[in-house]
Amino acid sequence: TNLYASSFWGTHHSFVFQNSTKVYFGNDSVSTYLPGLLAQYGPKVMLTYGGGSIKKTGIYEEIMGYLKTAGKTVVEFSGIRSNPTYAKVLEGAALAKKEKVDLILAVGGGSVMDCSKAISLGAVYDGDLWDAYWAHAGKIETKPIPLGIVLTVSGTGSETNGGSVITNESLKVKTGRDYPELNAQFAILNPKYTETVPKFQFISGAFDSLSHMMEIYFSEPNDNNVSDVMNEALMRSAVDNIRAILVDPHDEGARSNLVWLATMAENRILKLGKKTDFQCHILEHSLGAYTFCNHGAGLAVLHPVYYRHIVKDGTKKFARFAEKVFDIDPSEGDELTRAQKGIEALTAFIKEIGLPTRLRDMNIDHAVLVDVAAGCVASPGSFRQLGKEEIREIFEEAY
């Protein structure tokens, strides 16, 4: 299925839920569980990571210590950048296939996780990986290389799903797919590790998780359902805990909450019975394909602009969001007024936490927006499907 597709409440409210990833959460989770987990796999481990920041923070040395103690032969694959590319996937897949690795251990954030999932499949598939599994929704019939995750940056929620967002540089296309077969076998979530990343990166990741919740929330059905009730509590918690981290970056409770919130947003539970929107993610992915901008920052700019366009199509839900998440008084004005106040409260929150509110503030060239807009499609789950002209208007207003 597409990464942004989900089951929809039908006549019988039916859906299928699957999540095979075992999660180990806590500040001592790596030392407590990783040695035993490594013992369950063969002798050769492919260690995947990003630009090398884990070497500066000591995480690399710690992980390598466990790998050596376990007697593993380590094949390193580094340099996975934000917005991982298809070329990098193919490079990693070729290495994994050549070395006949028994386990891929991804240490990092969403980009490392997503790239590693695609590598785990590409290493066992001989055809055109992009065409078979990213350009189109495919069917995985060959068992991918087992994947384990040690999270250092939270936000994407990629640690407990089969989602993999990859950018095809030659096509200028950024596409996400979610295959249950690509779920990691285990994911170790140590909130202390997230203290090693810069504040802006952590906050933008936290906003990404809030964005995921909003994308799920602002879609049918709008009647009483468990997913929306859970989502309202989680969105409110995300806002409260982001604010707490800004006051005290070492607030252990707030940091732990934000790590788990990100996981909850994308472990498929909130999507059950929801049509989901993800139009804003579609817009940002096209922007990212052309500019390689920070994902959370791009979403922060686009969300309020997009919501102002569709607020009259989902007024009741936006008003409910305003009341439940941002404490807008339910007696204040009519429903549309409250809905609009909720969007402005979201905009103010984005400014408050230091994320950009205009594309020009992200050093994005205005000229590229024509191609960015042309590369977008309408989301079938939106309260109202956008046309090409309106998509172009949204980017212009966002600039």
# chains A, B, ... in the order shown; residues from 1 in each chain; ligands from 1
$ closest_atom_pairs --of "segment 264-317 of chain A" --to "segment 166-181 of chain A" --cutoff "8 Å" --atoms "only C-alpha atoms" --output "JSON lines"
{"residue": "A:His285", "atom": "CA", "partner": "A:Lys174", "partner_atom": "CA", "distance": 5.5}
{"residue": "A:Ser286", "atom": "CA", "partner": "A:Lys174", "partner_atom": "CA", "distance": 6.3}
{"residue": "A:Gly288", "atom": "CA", "partner": "A:Lys174", "partner_atom": "CA", "distance": 7.3}
{"residue": "A:Ala289", "atom": "CA", "partner": "A:Lys172", "partner_atom": "CA", "distance": 5.3}
{"residue": "A:Tyr290", "atom": "CA", "partner": "A:Lys172", "partner_atom": "CA", "distance": 6.2}
$ residues_around --residues "Ala374 of chain A" --least-positions-apart "4" --cutoff "9 Å" --atoms "only C-alpha atoms" --output "list in words"
Ser286, Leu369, Val370, Lys388, Ile391 and Arg392 of chain A
$ write_last_selection --atoms "C-alpha atoms" --output "PDB file, in the first residue's frame"
ATOM      1  CA  SER A 286       7.762  17.488  -4.009  1.00  0.00           C
ATOM      2  CA  LEU A 369       8.202  26.469  -7.193  1.00  0.00           C
ATOM      3  CA  VAL A 370       6.655  26.100 -10.647  1.00  0.00           C
ATOM      4  CA  LYS A 388      -3.168  22.084 -10.022  1.00  0.00           C
ATOM      5  CA  ILE A 391      -1.580  23.789  -5.438  1.00  0.00           C
ATOM      6  CA  ARG A 392       0.457  26.452  -7.216  1.00  0.00           C
TER       7      ARG A 392
END
$ closest_atom_pairs --of "segment 104-176 of chain A" --to "segment 269-274 of chain A" --cutoff "12 Å" --atoms "only C-alpha atoms" --output "JSON lines"
{"residue": "A:Gly157", "atom": "CA", "partner": "A:Ile269", "partner_atom": "CA", "distance": 11.8}
{"residue": "A:Thr160", "atom": "CA", "partner": "A:Ile269", "partner_atom": "CA", "distance": 10.7}
{"residue": "A:Asn161", "atom": "CA", "partner": "A:Ile269", "partner_atom": "CA", "distance": 10.6}
$ write_last_selection --atoms "N, CA and C atoms" --output "compact mmCIF listing (two decimals), in the first residue's frame"
# COMPACT_ATOMS: atom_id res chain seq x y z
N GLY A 157 8.72 8.34 13.01
CA GLY A 157 7.96 7.15 13.38
C GLY A 157 8.31 5.94 12.55
N THR A 160 8.71 1.81 13.65
CA THR A 160 7.74 0.71 13.83
C THR A 160 6.77 0.58 12.67
N ASN A 161 7.24 0.88 11.47
CA ASN A 161 6.43 0.59 10.29
C ASN A 161 7.33 0.16 9.14
$ select_by_dssp --residues "segment 252-392 of chain A" --states "helix (DSSP H, G or I)" --output "PyMOL selection string"
chain A and resi 252-265+279-291+295-313+315-326+335-352+359-362+366-374+388-392
$ residues_around --residues "segment 109-113 of chain A" --least-positions-apart "5" --cutoff "8 Å" --atoms "only C-alpha atoms" --output "PyMOL selection string"
chain A and resi 48-50+80-84+149+151-159+164-165
$ closest_residue --among "A:Tyr306, A:Asn267, A:Ser120, A:Glu232" --to "Arg320 of chain A" --atoms "only C-alpha atoms"
A:Glu232
$ residues_around --residues "segment 127-133 of chain A" --least-positions-apart "6" --cutoff "9 Å" --atoms "only C-alpha atoms" --output "MDAnalysis selection string"
chainID A and resid 86 90 118 121 139:140 168 177
$ write_last_selection --atoms "N, CA and C atoms" --output "mmCIF file, in the first residue's frame"
data_model
loop_
_atom_site.group_PDB
_atom_site.id
_atom_site.type_symbol
_atom_site.label_atom_id
_atom_site.label_comp_id
_atom_site.auth_asym_id
_atom_site.auth_seq_id
_atom_site.Cartn_x
_atom_site.Cartn_y
_atom_site.Cartn_z
ATOM 1 N N TYR A 86 17.629 7.317 -4.147
ATOM 2 C CA TYR A 86 17.552 5.988 -4.754
ATOM 3 C C TYR A 86 18.949 5.485 -5.106
ATOM 4 N N LEU A 90 20.622 1.893 -3.958
ATOM 5 C CA LEU A 90 21.241 0.912 -4.851
ATOM 6 C C LEU A 90 22.678 0.606 -4.442
ATOM 7 N N ALA A 118 14.840 0.048 2.415
ATOM 8 C CA ALA A 118 14.919 -0.140 0.968
ATOM 9 C C ALA A 118 16.122 -1.003 0.590
ATOM 10 N N LEU A 121 15.481 -4.720 1.047
ATOM 11 C CA LEU A 121 14.715 -5.311 -0.058
ATOM 12 C C LEU A 121 15.553 -5.369 -1.337
ATOM 13 N N LYS A 139 4.285 -6.184 -4.721
ATOM 14 C CA LYS A 139 4.059 -7.283 -3.780
ATOM 15 C C LYS A 139 5.403 -7.943 -3.495
ATOM 16 N N ILE A 140 5.814 -7.921 -2.237
ATOM 17 C CA ILE A 140 7.113 -8.477 -1.858
ATOM 18 C C ILE A 140 6.981 -9.982 -1.671
ATOM 19 N N ASN A 168 14.103 9.953 -5.818
ATOM 20 C CA ASN A 168 14.748 9.598 -7.083
ATOM 21 C C ASN A 168 15.241 10.893 -7.710
ATOM 22 N N ARG A 177 6.426 4.445 0.424
ATOM 23 C CA ARG A 177 5.603 3.222 0.432
ATOM 24 C C ARG A 177 5.758 2.554 1.780
#
$ select_by_dssp --residues "segment 94-271 of chain A" --states "strand (DSSP E)" --output "ChimeraX atom specification"
/A:103-108,147-151,163-168,173-178,186-189
$ atom_distance --atom1 "atom CA of Pro146 of chain A" --atom2 "atom CA of Gln40 of chain A"
10.9 Å
$ residues_around --residues "Glu335 of chain A" --least-positions-apart "5" --cutoff "12 Å" --atoms "only C-alpha atoms" --output "list in words"
Val311, Lys312, Gly314, Thr315, Lys316, Lys317, Phe318, Ala319, Arg320, Phe321, Ala322, Glu323, Ile328, Asp329, Pro330, Gln340, Lys341 and Gly342 of chain A
$ closest_residue --among "A:Ala39, A:Val197, A:Leu346, A:Cys280" --to "Thr69 of chain A" --atoms "only C-alpha atoms"
A:Ala39
$ closest_residue --among "A:Ile245, A:Met213, A:Met235, A:Leu37" --to "Ile188 of chain A" --atoms "only C-alpha atoms"
A:Leu37
$ atom_distance --atom1 "atom CA of Ala93 of chain A" --atom2 "atom CA of Lys55 of chain A"
23.3 Å
